[in-house]
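Structure file run_17.tsv with TSV, C-alpha atoms:
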chain	number	residue	atom	x	y	z
A	1	MET	CA	13.60	-21.85	130.10
A	2	ASN	CA	11.30	-23.89	132.17
A	3	ARG	CA	10.17	-26.96	130.43
A	4	ARG	CA	6.47	-26.63	131.04
A	5	LYS	CA	6.32	-23.22	129.54
A	6	PHE	CA	8.31	-24.31	126.55
A	7	LEU	CA	5.98	-27.20	125.82
A	8	GLY	CA	3.02	-24.96	126.26
A	9	LEU	CA	4.45	-22.63	123.69
A	10	GLY	CA	4.82	-25.46	121.23
A	11	VAL	CA	1.21	-26.46	121.70
A	12	MET	CA	0.13	-22.92	121.12
A	13	ALA	CA	2.16	-22.66	117.98
A	14	VAL	CA	0.60	-25.85	116.66
A	15	ALA	CA	-2.86	-24.67	117.63
A	16	ALA	CA	-2.31	-21.41	115.85
A	17	MET	CA	-1.06	-23.04	112.69
A	18	PRO	CA	-4.19	-24.28	110.91
A	19	ALA	CA	-5.57	-20.77	110.85
A	20	THR	CA	-2.51	-19.34	109.19
A	21	LEU	CA	-1.11	-22.23	107.21
A	22	SER	CA	-3.43	-21.88	104.26
A	23	ALA	CA	-2.68	-18.25	103.67
A	24	ILE	CA	0.95	-17.86	104.61
A	25	SER	CA	4.09	-19.87	104.94
A	26	ALA	CA	5.31	-18.73	108.34
A	27	ILE	CA	7.58	-21.22	110.06
A	28	ASP	CA	8.26	-21.13	113.76
A	29	PHE	CA	11.75	-22.58	114.03
A	30	ARG	CA	11.56	-22.41	117.81
A	31	ALA	CA	8.81	-25.02	117.69
A	32	THR	CA	10.16	-27.15	114.85
A	33	LYS	CA	13.84	-27.08	115.86
A	34	PRO	CA	13.92	-26.50	119.63
A	35	ASP	CA	17.47	-27.84	120.09
A	36	THR	CA	18.88	-25.08	117.93
A	37	TRP	CA	18.03	-22.46	120.52
A	38	THR	CA	19.58	-24.22	123.50
A	39	ALA	CA	22.83	-25.28	121.81
A	40	HIS	CA	25.88	-23.66	123.33
A	41	SER	CA	28.23	-23.81	120.40
A	42	VAL	CA	27.75	-22.60	116.87
A	43	ASP	CA	28.54	-26.05	115.46
A	44	ASP	CA	25.95	-27.74	117.67
A	45	ALA	CA	23.32	-25.15	116.79
A	46	ILE	CA	23.95	-25.58	113.08
A	47	LYS	CA	23.78	-29.35	113.46
A	48	ALA	CA	20.49	-29.09	115.34
A	49	LEU	CA	19.01	-26.87	112.67
A	50	TYR	CA	20.35	-28.29	109.42
A	51	GLY	CA	22.05	-31.58	110.31
A	52	ASP	CA	25.58	-32.42	109.18
A	53	ILE	CA	26.26	-29.88	106.46
A	54	LYS	CA	29.35	-28.76	104.62
A	55	PRO	CA	28.59	-25.22	103.61
A	56	ALA	CA	30.52	-23.44	100.86
A	57	GLU	CA	32.07	-20.24	102.08
A	58	GLU	CA	30.75	-17.87	99.47
A	59	GLY	CA	27.89	-15.64	98.46
A	60	ILE	CA	27.13	-14.00	101.78
A	61	THR	CA	28.06	-10.57	103.05
A	62	VAL	CA	28.06	-10.02	106.80
A	63	LYS	CA	28.51	-6.42	107.84
A	64	LEU	CA	29.56	-5.54	111.37
A	65	PRO	CA	31.57	-2.87	113.09
A	66	LYS	CA	35.17	-4.10	113.66
A	67	VAL	CA	34.93	-2.87	117.21
A	68	ALA	CA	31.50	-2.51	118.77
A	69	SER	CA	31.51	0.17	121.45
A	70	ASN	CA	28.25	-1.01	122.94
A	71	GLY	CA	27.60	-4.73	123.15
A	72	GLY	CA	23.98	-4.07	124.02
A	73	ALA	CA	23.10	-3.17	120.46
A	74	VAL	CA	25.53	-4.27	117.78
A	75	PRO	CA	24.30	-3.47	114.29
A	76	LEU	CA	24.44	-6.43	111.94
A	77	THR	CA	23.61	-6.59	108.25
A	78	VAL	CA	23.28	-9.79	106.26
A	79	LYS	CA	23.14	-9.60	102.50
A	80	SER	CA	23.14	-12.20	99.80
A	81	ASP	CA	22.03	-12.65	96.22
A	82	LEU	CA	21.59	-16.37	96.70
A	83	LYS	CA	18.17	-17.84	96.18
A	84	ALA	CA	17.46	-19.02	99.67
A	85	LYS	CA	14.98	-20.97	101.72
A	86	THR	CA	16.34	-20.02	105.12
A	87	VAL	CA	19.00	-17.81	106.64
A	88	ALA	CA	20.36	-18.46	110.11
A	89	VAL	CA	22.52	-16.21	112.28
A	90	PHE	CA	24.79	-17.49	115.06
A	91	GLN	CA	27.44	-16.03	117.33
A	92	ASN	CA	30.02	-17.53	119.70
A	93	MET	CA	29.93	-15.11	122.64
A	94	ASN	CA	26.63	-15.51	124.43
A	95	PRO	CA	25.57	-18.53	126.53
A	96	GLU	CA	23.57	-19.90	123.62
A	97	SER	CA	24.56	-19.33	120.06
A	98	ALA	CA	21.44	-18.96	117.91
A	99	VAL	CA	20.34	-15.40	117.18
A	100	ALA	CA	17.79	-15.68	114.43
A	101	VAL	CA	16.47	-18.00	111.77
A	102	PHE	CA	14.81	-16.29	108.82
A	103	ASN	CA	12.34	-18.08	106.66
A	104	VAL	CA	12.85	-16.47	103.27
A	105	PRO	CA	9.66	-16.01	101.25
A	106	GLU	CA	9.61	-16.82	97.56
A	107	ASP	CA	11.56	-14.17	95.64
A	108	GLY	CA	12.61	-12.78	98.99
A	109	ILE	CA	15.43	-10.28	99.18
A	110	ILE	CA	18.17	-11.15	101.63
A	111	ASP	CA	19.05	-7.79	103.07
A	112	TYR	CA	18.43	-7.99	106.78
A	113	PHE	CA	19.47	-5.52	109.40
A	114	LEU	CA	19.11	-6.12	113.10
A	115	LYS	CA	20.70	-5.19	116.37
A	116	ILE	CA	22.00	-7.84	118.71
A	117	LYS	CA	23.35	-8.15	122.21
A	118	LEU	CA	26.82	-9.63	122.56
A	119	LYS	CA	29.01	-10.49	125.50
A	120	GLY	CA	32.54	-9.17	125.22
A	121	THR	CA	34.47	-12.25	124.12
A	122	ASP	CA	34.07	-15.94	123.56
A	123	GLU	CA	34.75	-18.46	126.32
A	124	ASN	CA	38.47	-18.44	125.55
A	125	GLY	CA	38.75	-14.68	125.62
A	126	GLY	CA	39.06	-14.57	121.85
A	127	ASN	CA	37.27	-12.41	119.38
A	128	GLY	CA	33.64	-12.80	118.63
A	129	ILE	CA	32.59	-14.34	115.37
A	130	ILE	CA	29.22	-14.05	113.71
A	131	THR	CA	28.34	-16.99	111.49
A	132	VAL	CA	25.59	-16.86	108.90
A	133	ILE	CA	24.32	-19.96	107.12
A	134	VAL	CA	22.16	-19.73	104.04
A	135	GLU	CA	20.14	-22.71	102.91
A	136	GLY	CA	19.72	-22.30	99.17
A	137	THR	CA	16.66	-23.32	97.21
A	138	ASP	CA	19.10	-25.58	95.34
A	139	GLY	CA	19.55	-27.59	98.55
A	140	LYS	CA	23.13	-26.41	99.04
A	141	PHE	CA	24.43	-24.56	102.07
A	142	TYR	CA	26.49	-21.42	102.18
A	143	LYS	CA	28.36	-19.79	104.99
A	144	GLY	CA	29.59	-16.30	105.79
A	145	THR	CA	31.53	-15.23	108.85
A	146	GLN	CA	32.73	-11.97	110.29
A	147	ALA	CA	34.79	-11.30	113.41
A	148	LEU	CA	34.42	-8.40	115.78
A	149	GLN	CA	35.52	-7.09	119.13
A	150	VAL	CA	33.12	-5.80	121.71
A	151	ALA	CA	34.39	-3.05	123.98
A	152	LYS	CA	31.59	-3.32	126.49
A	153	GLY	CA	29.50	-6.47	126.80
A	154	GLY	CA	25.76	-6.26	126.58
A	155	CYS	CA	24.59	-9.34	128.36
A	156	GLU	CA	25.58	-8.54	131.91
A	157	GLY	CA	22.55	-6.40	132.41
B	1	MET	CA	1.18	2.66	118.32
B	2	ALA	CA	2.89	2.22	121.53
B	3	ASN	CA	4.44	-1.12	120.81
B	4	MET	CA	5.97	-0.66	117.41
B	5	LYS	CA	7.19	1.99	115.07
B	6	ILE	CA	7.02	1.09	111.42
B	7	LYS	CA	8.28	2.89	108.36
B	8	ALA	CA	7.82	1.45	104.91
B	9	LYS	CA	8.85	3.17	101.72
B	10	LEU	CA	8.69	2.11	98.11
B	11	LYS	CA	11.77	2.79	96.01
B	12	GLY	CA	11.65	1.49	92.46
B	13	ASP	CA	9.98	-1.89	92.89
B	14	VAL	CA	11.49	-2.60	96.30
B	15	VAL	CA	9.93	-1.71	99.60
B	16	GLY	CA	12.31	-0.91	102.43
B	17	ALA	CA	10.84	-1.41	105.87
B	18	LYS	CA	12.26	-0.14	109.12
B	19	VAL	CA	10.80	-1.31	112.41
B	20	LEU	CA	11.37	-0.52	116.05
B	21	ALA	CA	9.62	-2.84	118.46
B	22	LYS	CA	9.31	-1.94	122.10
B	23	HIS	CA	10.36	-4.87	124.19
B	24	ASP	CA	12.73	-5.44	127.11
B	25	MET	CA	14.17	-8.60	125.55
B	26	LEU	CA	15.24	-10.00	128.91
B	27	THR	CA	17.72	-12.86	128.52
B	28	TYR	CA	17.77	-15.72	130.98
B	29	ASP	CA	20.84	-14.24	132.65
B	30	GLN	CA	19.39	-10.75	132.91
B	31	ALA	CA	16.09	-12.05	134.19
B	32	LYS	CA	17.85	-14.15	136.82
B	33	ALA	CA	19.76	-11.12	138.04
B	34	LYS	CA	16.54	-9.18	138.33
B	35	GLY	CA	14.57	-12.04	139.82
B	36	VAL	CA	11.95	-12.05	137.09
B	37	GLU	CA	10.99	-14.41	134.29
B	38	ALA	CA	12.90	-14.17	131.06
B	39	ASN	CA	10.85	-12.76	128.27
B	40	PHE	CA	11.79	-11.88	124.74
B	41	ILE	CA	10.33	-11.77	121.28
B	42	THR	CA	10.43	-15.23	119.75
B	43	HIS	CA	8.89	-14.64	116.38
B	44	ILE	CA	8.33	-11.75	114.01
B	45	SER	CA	6.51	-11.87	110.75
B	46	ALA	CA	5.36	-9.28	108.26
B	47	LYS	CA	2.69	-9.55	105.62
B	48	VAL	CA	1.26	-7.51	102.80
B	49	GLY	CA	-2.24	-8.78	102.16
B	50	ASP	CA	-1.87	-12.52	102.71
B	51	LYS	CA	1.67	-12.70	101.40
B	52	VAL	CA	4.48	-13.16	103.88
B	53	VAL	CA	7.35	-10.78	103.20
B	54	TYR	CA	9.42	-11.29	106.35
B	55	ASP	CA	9.43	-14.18	108.75
B	56	VAL	CA	11.95	-14.81	111.47
B	57	SER	CA	12.28	-16.88	114.63
B	58	THR	CA	14.31	-14.91	117.13
B	59	SER	CA	16.35	-15.47	120.27
B	60	GLN	CA	16.96	-13.48	123.43
B	61	PHE	CA	20.06	-11.92	121.90
B	62	TRP	CA	18.28	-9.29	119.90
B	63	SER	CA	18.89	-5.93	121.55
B	64	LYS	CA	16.49	-4.26	123.91
B	65	ASN	CA	13.77	-2.50	121.92
B	66	PRO	CA	14.92	-4.34	118.83
B	67	GLN	CA	15.34	-2.50	115.61
B	68	PHE	CA	15.32	-4.26	112.29
B	69	LYS	CA	15.13	-3.55	108.60
B	70	PHE	CA	14.24	-5.65	105.61
B	71	LYS	CA	13.38	-5.31	101.94
B	72	PHE	CA	10.83	-6.97	99.73
B	73	LYS	CA	9.23	-6.81	96.30
B	74	GLY	CA	5.70	-7.16	95.06
B	75	ALA	CA	3.91	-4.40	96.95
B	76	LYS	CA	2.75	-1.00	95.83
B	77	LYS	CA	2.17	2.38	97.38
B	78	GLY	CA	-0.74	2.46	99.79
B	79	ASP	CA	-0.59	-1.28	100.55
B	80	GLU	CA	-0.73	-2.15	104.22
B	81	LEU	CA	2.33	-3.72	105.77
B	82	THR	CA	1.24	-5.72	108.81
B	83	ILE	CA	3.80	-6.79	111.37
B	84	THR	CA	3.20	-9.23	114.20
B	85	TRP	CA	5.53	-10.24	116.97
B	86	THR	CA	5.03	-12.88	119.63
B	87	ASP	CA	7.02	-13.14	122.83
B	88	LEU	CA	7.87	-15.97	125.20
B	89	SER	CA	4.95	-15.20	127.50
B	90	GLY	CA	2.62	-15.71	124.55
B	91	LYS	CA	1.80	-12.05	124.13
B	92	SER	CA	1.30	-11.03	120.56
B	93	VAL	CA	1.19	-7.56	119.07
B	94	THR	CA	0.13	-6.66	115.55
B	95	GLU	CA	0.39	-3.29	113.89
B	96	SER	CA	0.11	-2.05	110.33
B	97	LYS	CA	1.31	0.85	108.32
B	98	LYS	CA	0.63	2.01	104.80
B	99	ILE	CA	3.55	1.81	102.41
B	100	LYS	CA	4.64	5.25	101.28

Write out the structure in this file as structure tokens.
Amino acid sequence: MNRRKFLGLGVMAVAAMPATLSAISAIDFRATKPDTWTAHSVDDAIKALYGDIKPAEEGITVKLPKVASNGGAVPLTVKSDLKAKTVAVFQNMNPESAVAVFNVPEDGIIDYFLKIKLKGTDENGGNGIITVIVEGTDGKFYKGTQALQVAKGGCEG
Amino acid sequence: MANMKIKAKLKGDVVGAKVLAKHDMLTYDQAKAKGVEANFITHISAKVGDKVVYDVSTSQFWSKNPQFKFKFKGAKKGDELTITWTDLSGKSVTESKKIK
């Protein structure tokens, strides 16, 4: 991304905030945590977003096809009964690793479905892994992972 | 109408929403290959009245014409679900649909 545009975006987001802040609690993680979106590894992206955390591997269901026939639109479902503040989705196949950061509203239901683009394999030719981190309202972190194979990559164009 | 398709249905006390947004979602790599600027949706949020029910910052790795679903409580039949997305170029699109 070119730097000027990125900064401009941040300014816009800040400018837009006062109008919305009173009524809603929308958070633009692209503006508040810019490093998350440019990090190339899952670990770096998590660090940029949450800092040094030691998530417990429980409480999250990540649903994916074992083998995705079309990397251009891989269906992904994230479910959890945890009381959460935020939910973040990462993968290890594309040039950057962050996919989405959800800001969970109060009493929000974590049952998200989305379709994502994935390159065939990670940099070592291994399987792809989707990592989901949930930041609980209790201040603890939780992690869920799921591996998959992609038959045909979706990022080449 | 042209930019988004929204379906929202109440079941018990939970609303299930299904959305299809029309957007190329060009990644940096794809845009480079085509010789154009990358552009993708960077933020999506949904509201009922003034209450946020869905709020997500997104990356270029959502699929082309991204589809997504979510669930929430606290709305009733006939309420308007309003969804707004913003992309990297600063374009913003808002559409609403009554909950069935």

Shell of 9 Å around Phe141 in chain A, all atoms listed in the file, local chain residues under 2 positions omitted, as a PyMOL selection string = chain A and resi 53-57+133-136+138-139+143

Residues near range 79-94 of chain B, cut-off 8 Å, only C-alpha atoms, skip fewer than 6 positions along chain, as a PyMOL selection string | (chain A and resi 9) or (chain B and resi 3+8+38-49)

Taking a cut-off of 6 Å and counting only C-alpha atoms, can you build a table that, for each residue of chain B near chain A, reports the nearest atom pair and how far apart they are in Å (one decimal), sorted by chain then residue number, as a tab-separated table?
residue	atom	partner	partner_atom	distance
B:Gln30	CA	A:Gly157	CA	5.4
B:Asp50	CA	A:Ala23	CA	5.9
B:Val52	CA	A:Ile24	CA	5.9
B:Asp55	CA	A:Asn103	CA	5.3
B:Val56	CA	A:Phe102	CA	4.2
B:Ser57	CA	A:Val101	CA	5.2
B:Thr58	CA	A:Ala100	CA	4.5
B:Ser59	CA	A:Val99	CA	5.0
B:Phe61	CA	A:Lys117	CA	5.0
B:Trp62	CA	A:Ile116	CA	4.2
B:Ser63	CA	A:Ile116	CA	4.6
B:Gln67	CA	A:Leu114	CA	5.8
B:Phe68	CA	A:Leu114	CA	4.3
B:Lys69	CA	A:Phe113	CA	4.8
B:Phe70	CA	A:Tyr112	CA	4.9
B:Phe72	CA	A:Ile109	CA	5.7

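For the residues B:His23, B:Lys71, B:Ile99, B:Ala17, ranking by smallest atom-to-atom distance to Met4 in chain B using all atoms listed in the file places B:His23 first.
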
Which residue out of B:Lys73, B:Val36, B:Ser96, B:Gly78 has the minimum interatomic distance to Gly12 in chain B when only C-alpha atoms are used?
-> B:Lys73

Can you tell me, as a ChimeraX atom specification, what residues are no more than 6 Å from Pro66 in chain B when counting all atoms listed in the file, ignoring any on the same chain fewer than 2 positions away?
-> /B:20-21,63-64

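Going from CA of Lys140 in chain A to CA of Thr32 in chain A covers 20.5 Å.
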
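Using all atoms listed in the file, the shortest contact distance between Lys77 in chain B and any of B:Asp24, B:Lys5, B:Gln60, B:Lys98 is found at B:Lys98.
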